[in-house]
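Step one of this worksheet: look at the structure below.
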Amino acid sequence: MKAAIVKGIGTKPVYGDFDEPEASNGNLKINVTAAALSNLAKMRAMGQHYSSGKIFPNIAGTDGVGKINGKSYYFAGAIAPYGSLAQQTVVNKNTIVQLPDGLADTTAAAIANPGMSSWAALVSRAHLVKGETVLINGATGNAGKLAIRIARHLGAGKVIAVGRNAQKLKQLDADESIAFDLSSDMTRAVFIQNLKPFFEKGVDVVLDYLWGDSALTIMQAIAEVPGNYRTRFVSIGSAAGKKEILLPSPILRSSGLELLGSGLKSCTMEELLSAIQGVFGLAATGDLSIDTKIFDLADIEKAWEAPLTPRVVVTME
């Protein structure tokens with residue numbers, strides 16, 4: 001069968017032939033129709049993510065959509081060395097979700113992971129309460145845009161969008177927005193002053209897709225606000241490119257800040273699949289959408305190098 005094959009650690013996938021998988025021991029063989037690319041998929045395939053396997057060669061792709069007995073299913077966690085970027089793969093029978101009527105395979109593949117990221121964070125990690133205020137750091141990315149709509153759907157009373165592109169922030173359906181650019185003349189002190197009025201009013205949940213300097217600055221702003229208002233800060237990604245920050249302990253000791261993570265292992269597979277099911281239900285009604293760019297599997301090398309926004313989806317048929 002045809003597949004996107006990663007031949008060694010740190011290498012990019014190439015289009016080629018790979019042995020077909022066999023179903024066994026409760027695992028299901030699935031005919032893949034579509035799979036999306038993300039930073040997670042890229043890092044895991046090349047052995048650069050904490051959840052990566054070390055089997056090479058392997059097939060790239062962490063999740064996708066395919067057919068079983070003519071019905072469309074989303075699947076997560078293909079069994080190594082098989083991934084989702086192939087004509088066929090093998091998956092655990094407990095990691096699939098049937099698509100609702102009216103939801104296209106390509107849309108489901110595109111929206112599952114970025115939509116799940118905020119849904120699981122808000123429900124399983126932050127335990128969002130109806131009427132609470134949610135601030136989203138990295139709101140202009142694929143996942144951040146979805147997070148705005150999902151937060152509202154799950155009951156947020158107010159949504160604040162934070163990001164580096166002021167023009168893109170203005171186009172979002174958030175109640176308030178805060179732009180920052182710490183690579184320019186804007187200092188952390190200025191960013192903190194822009195953030196403080198929002199935290200003085202009370203921010204219950206921060207969803208952070210960026211990490212790095214902006215995340216640290218948000219924490220500093222929380223610590224500088226009088227009182228000990230409880231803010232649950234949920235780290236979801238590190239799109240800013242920094243995996244580590246220097247976090248002074250007084251920030252935690254002098255505030256009501258609570259640090260949480262959301263993702264593989266911090267959420268159970270059942271919680272993640274439940275989140276995906278919720279995202280699919282909302283998408284099937286037309287209340288949730290995502291911009292996509294479609295590539296054929298044979299063009300995997302071009303797809304791999306393409307910008308992640310709009311969402312890259314690879315089709316197998």
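To be explicit about the labels: the chains of the structure tokens are called A, B, and onward in the order shown, and within each one the residues are counted from 1, while ligands get numbers from 1 in the order they are shown.
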Per residue of stretch 73-131 of chain A within 8 Å of stretch 256-273 of chain A, what are the shortest atom pair and its distance in Å to one decimal, counting only C-alpha atoms, with rows by chain and residue number, as CSV?
```
residue,atom,partner,partner_atom,distance
A:Thr95,CA,A:Leu273,CA,7.2
A:Ile96,CA,A:Leu273,CA,7.7
A:Val97,CA,A:Leu273,CA,7.0
A:Met116,CA,A:Leu272,CA,6.7
A:Ser117,CA,A:Gly263,CA,7.1
A:Ala120,CA,A:Leu272,CA,6.1
A:Ala121,CA,A:Ser262,CA,5.5
A:Ser124,CA,A:Glu271,CA,6.9
A:Arg125,CA,A:Ser262,CA,6.5
A:Ala126,CA,A:Leu260,CA,7.9
```
I need the residues from that last selection saved to file as an mmCIF file, in the first residue's frame (with N, CA and C atoms), if you can.
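Result written to part35.cif:
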```
data_model
loop_
_atom_site.group_PDB
_atom_site.id
_atom_site.type_symbol
_atom_site.label_atom_id
_atom_site.label_comp_id
_atom_site.auth_asym_id
_atom_site.auth_seq_id
_atom_site.Cartn_x
_atom_site.Cartn_y
_atom_site.Cartn_z
ATOM 1 N N THR A 95 -10.466 3.169 20.496
ATOM 2 C CA THR A 95 -10.026 4.539 20.213
ATOM 3 C C THR A 95 -10.648 5.083 18.928
ATOM 4 N N ILE A 96 -11.897 4.687 18.663
ATOM 5 C CA ILE A 96 -12.582 5.178 17.472
ATOM 6 C C ILE A 96 -13.896 5.849 17.863
ATOM 7 N N VAL A 97 -14.311 6.800 17.035
ATOM 8 C CA VAL A 97 -15.566 7.520 17.235
ATOM 9 C C VAL A 97 -16.275 7.590 15.898
ATOM 10 N N MET A 116 -10.671 19.284 19.972
ATOM 11 C CA MET A 116 -10.559 18.524 21.210
ATOM 12 C C MET A 116 -9.666 19.210 22.233
ATOM 13 N N SER A 117 -8.630 19.913 21.765
ATOM 14 C CA SER A 117 -7.650 20.490 22.686
ATOM 15 C C SER A 117 -8.296 21.446 23.684
ATOM 16 N N ALA A 120 -11.385 19.407 25.839
ATOM 17 C CA ALA A 120 -10.872 18.585 26.936
ATOM 18 C C ALA A 120 -10.287 19.454 28.045
ATOM 19 N N ALA A 121 -9.577 20.520 27.668
ATOM 20 C CA ALA A 121 -8.980 21.408 28.666
ATOM 21 C C ALA A 121 -10.039 22.071 29.531
ATOM 22 N N SER A 124 -12.358 18.643 31.208
ATOM 23 C CA SER A 124 -11.687 17.639 32.032
ATOM 24 C C SER A 124 -10.608 18.203 32.943
ATOM 25 N N ARG A 125 -10.007 19.324 32.561
ATOM 26 C CA ARG A 125 -8.906 19.864 33.353
ATOM 27 C C ARG A 125 -9.322 21.108 34.146
ATOM 28 N N ALA A 126 -9.913 22.108 33.491
ATOM 29 C CA ALA A 126 -10.294 23.337 34.180
ATOM 30 C C ALA A 126 -11.653 23.232 34.863
#
```
Find the residues around stretch 310-315 of chain A up to 8 Å (only C-alpha atoms counted), leave out those fewer than 6 positions away in its own chain, and share them as a ChimeraX atom specification. /A:33-38,85,106,109-110,142,290-297,300,303
Based on the selection just made, write C-alpha atoms of those residues as a PDB file, in the first residue's frame.
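The resulting file, out.pdb, is reproduced below:
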```pdb
ATOM      1  CA  THR A  33      -9.745   8.451   3.847  1.00  0.00           C
ATOM      2  CA  ALA A  34      -8.261  11.597   5.414  1.00  0.00           C
ATOM      3  CA  ALA A  35      -5.700  12.682   8.002  1.00  0.00           C
ATOM      4  CA  ALA A  36      -4.621  16.131   9.170  1.00  0.00           C
ATOM      5  CA  LEU A  37      -1.116  17.419   9.797  1.00  0.00           C
ATOM      6  CA  SER A  38      -0.184  19.228  12.990  1.00  0.00           C
ATOM      7  CA  LEU A  85      -0.953   8.839   6.562  1.00  0.00           C
ATOM      8  CA  THR A 106     -12.054  15.767   5.611  1.00  0.00           C
ATOM      9  CA  ALA A 109     -10.015  14.901  10.244  1.00  0.00           C
ATOM     10  CA  ALA A 110      -9.232  18.623  10.277  1.00  0.00           C
ATOM     11  CA  ASN A 142      -6.508  27.009  14.213  1.00  0.00           C
ATOM     12  CA  ILE A 290     -12.253  25.210  10.191  1.00  0.00           C
ATOM     13  CA  ASP A 291     -10.422  26.388   7.062  1.00  0.00           C
ATOM     14  CA  THR A 292      -8.584  23.560   5.303  1.00  0.00           C
ATOM     15  CA  LYS A 293      -6.163  22.956   2.459  1.00  0.00           C
ATOM     16  CA  ILE A 294      -6.302  19.525   0.855  1.00  0.00           C
ATOM     17  CA  PHE A 295      -3.304  17.538  -0.451  1.00  0.00           C
ATOM     18  CA  ASP A 296      -3.097  14.092  -2.004  1.00  0.00           C
ATOM     19  CA  LEU A 297      -0.990  11.502  -0.194  1.00  0.00           C
ATOM     20  CA  ILE A 300       3.116  14.423   1.258  1.00  0.00           C
ATOM     21  CA  ALA A 303       2.002  18.972   2.532  1.00  0.00           C
TER      22      ALA A 303
END
```
Q) Skipping near chain neighbours, those fewer than 5 positions away, what residues fall within 9 Å of A:Lys29 using only C-alpha atoms, listed as a PyMOL selection string? A) chain A and resi 21-24+68+88-91
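Minimum distance to A:Gly83 across A:Val205, A:Leu210, A:Ala41, A:Leu216 (counting only C-alpha atoms) occurs at A:Ala41.
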Do you have, as JSON lines, the list of residues of stretch 20-99 of chain A lying at most 10 Å from stretch 280-288 of chain A, each with its nearest atom pair and that distance in Å to one decimal, counting only C-alpha atoms and ordered by chain then number?
```
{"residue": "A:Tyr74", "atom": "CA", "partner": "A:Phe280", "partner_atom": "CA", "distance": 9.8}
{"residue": "A:Val97", "atom": "CA", "partner": "A:Phe280", "partner_atom": "CA", "distance": 9.4}
{"residue": "A:Gln98", "atom": "CA", "partner": "A:Phe280", "partner_atom": "CA", "distance": 9.4}
{"residue": "A:Leu99", "atom": "CA", "partner": "A:Phe280", "partner_atom": "CA", "distance": 7.0}
```
For the residues in the current selection, export N, CA and C atoms as a PDB file, in the first residue's frame.
```pdb
ATOM      1  N   TYR A  74     -13.666   8.309  13.111  1.00  0.00           N
ATOM      2  CA  TYR A  74     -12.421   8.954  13.511  1.00  0.00           C
ATOM      3  C   TYR A  74     -11.648   7.942  14.347  1.00  0.00           C
ATOM      4  N   VAL A  97     -14.311   6.800  17.035  1.00  0.00           N
ATOM      5  CA  VAL A  97     -15.566   7.520  17.235  1.00  0.00           C
ATOM      6  C   VAL A  97     -16.275   7.590  15.898  1.00  0.00           C
ATOM      7  N   GLN A  98     -17.520   7.123  15.842  1.00  0.00           N
ATOM      8  CA  GLN A  98     -18.260   7.186  14.587  1.00  0.00           C
ATOM      9  C   GLN A  98     -18.662   8.621  14.285  1.00  0.00           C
ATOM     10  N   LEU A  99     -18.528   9.013  13.024  1.00  0.00           N
ATOM     11  CA  LEU A  99     -18.890  10.368  12.616  1.00  0.00           C
ATOM     12  C   LEU A  99     -20.407  10.515  12.577  1.00  0.00           C
TER      13      LEU A  99
END
```
- Task: Would you mind listing what lies within 12 Å of stretch 241-252 of chain A as a PyMOL selection string, with only C-alpha atoms counted and same-chain residues fewer than 5 positions away left out?
- Result: chain A and resi 39+49-50+209-225+228+230-233+235-236+257-259
Those residues you just picked out, can you put them in a file as a compact mmCIF listing (two decimals), in the first residue's frame with N, CA and C atoms?
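For reference, part_16.txt as written:
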```txt
# COMPACT_ATOMS: atom_id res chain seq x y z
N ASN A 39 1.60 20.10 14.36
CA ASN A 39 2.92 20.03 15.00
C ASN A 39 3.08 18.73 15.76
N HIS A 49 8.74 14.12 20.13
CA HIS A 49 7.70 14.45 21.10
C HIS A 49 7.79 13.48 22.26
N TYR A 50 7.35 13.93 23.46
CA TYR A 50 7.47 13.07 24.64
C TYR A 50 6.68 11.77 24.51
N TYR A 209 -1.90 28.26 24.38
CA TYR A 209 -1.39 27.48 23.25
C TYR A 209 0.05 27.84 22.90
N LEU A 210 0.61 28.87 23.51
CA LEU A 210 1.90 29.40 23.08
C LEU A 210 3.07 29.03 23.98
N TRP A 211 2.87 29.12 25.31
CA TRP A 211 3.94 28.98 26.29
C TRP A 211 4.98 30.07 26.03
N GLY A 212 6.18 29.94 26.53
CA GLY A 212 7.22 30.93 26.28
C GLY A 212 6.97 32.24 27.01
N ASP A 213 7.49 33.34 26.45
CA ASP A 213 7.47 34.64 27.10
C ASP A 213 6.06 35.16 27.37
N SER A 214 5.14 34.93 26.44
CA SER A 214 3.79 35.45 26.65
C SER A 214 3.10 34.74 27.81
N ALA A 215 3.31 33.45 27.94
CA ALA A 215 2.72 32.70 29.05
C ALA A 215 3.26 33.20 30.38
N LEU A 216 4.57 33.39 30.45
CA LEU A 216 5.18 33.88 31.68
C LEU A 216 4.67 35.27 32.03
N THR A 217 4.50 36.11 31.03
CA THR A 217 4.01 37.47 31.26
C THR A 217 2.58 37.46 31.79
N ILE A 218 1.77 36.58 31.26
CA ILE A 218 0.39 36.44 31.75
C ILE A 218 0.40 36.02 33.23
N MET A 219 1.26 35.08 33.58
CA MET A 219 1.36 34.66 34.98
C MET A 219 1.82 35.80 35.87
N GLN A 220 2.77 36.61 35.38
CA GLN A 220 3.24 37.76 36.15
C GLN A 220 2.12 38.77 36.37
N ALA A 221 1.30 38.97 35.35
CA ALA A 221 0.16 39.89 35.47
C ALA A 221 -0.82 39.39 36.52
N ILE A 222 -1.06 38.09 36.53
CA ILE A 222 -1.96 37.51 37.54
C ILE A 222 -1.42 37.77 38.94
N ALA A 223 -0.10 37.60 39.11
CA ALA A 223 0.52 37.77 40.43
C ALA A 223 0.52 39.22 40.90
N GLU A 224 0.49 40.17 39.97
CA GLU A 224 0.54 41.59 40.35
C GLU A 224 -0.83 42.16 40.70
N VAL A 225 -1.88 41.41 40.43
CA VAL A 225 -3.23 41.87 40.78
C VAL A 225 -3.49 41.60 42.25
N ASN A 228 -6.24 37.11 45.85
CA ASN A 228 -5.81 35.77 45.43
C ASN A 228 -6.89 35.10 44.60
N ARG A 230 -8.74 32.99 42.12
CA ARG A 230 -8.32 31.69 41.61
C ARG A 230 -8.40 31.67 40.09
N THR A 231 -7.24 31.53 39.44
CA THR A 231 -7.18 31.43 37.98
C THR A 231 -6.52 30.11 37.61
N ARG A 232 -7.24 29.27 36.84
CA ARG A 232 -6.68 28.00 36.39
C ARG A 232 -6.00 28.22 35.04
N PHE A 233 -4.70 28.10 35.04
CA PHE A 233 -3.89 28.31 33.84
C PHE A 233 -3.59 26.94 33.24
N SER A 235 -1.94 24.76 30.32
CA SER A 235 -0.99 24.70 29.21
C SER A 235 -1.42 23.60 28.24
N ILE A 236 -1.65 24.00 26.98
CA ILE A 236 -2.09 23.05 25.96
C ILE A 236 -1.02 22.82 24.91
N LEU A 257 -2.98 31.60 41.39
CA LEU A 257 -2.69 30.91 40.14
C LEU A 257 -2.57 29.40 40.36
N GLU A 258 -3.24 28.64 39.52
CA GLU A 258 -3.13 27.18 39.54
C GLU A 258 -2.67 26.73 38.15
N LEU A 259 -1.58 25.99 38.08
CA LEU A 259 -1.03 25.52 36.81
C LEU A 259 -1.49 24.11 36.52
```
Between A:Gly155, A:Gly202, A:Gly61, A:Gly141, which one has atoms that come closest to A:Ala80, using only C-alpha atoms?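 When distances to A:Ala80 are compared using only C-alpha atoms, the smallest one comes from A:Gly61.
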Exercise. What is the distance, in Å and to one decimal place, between atom CA of A:Lys130 and atom CA of A:Ile192?
Worked result: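 The value is 27.1 Å.
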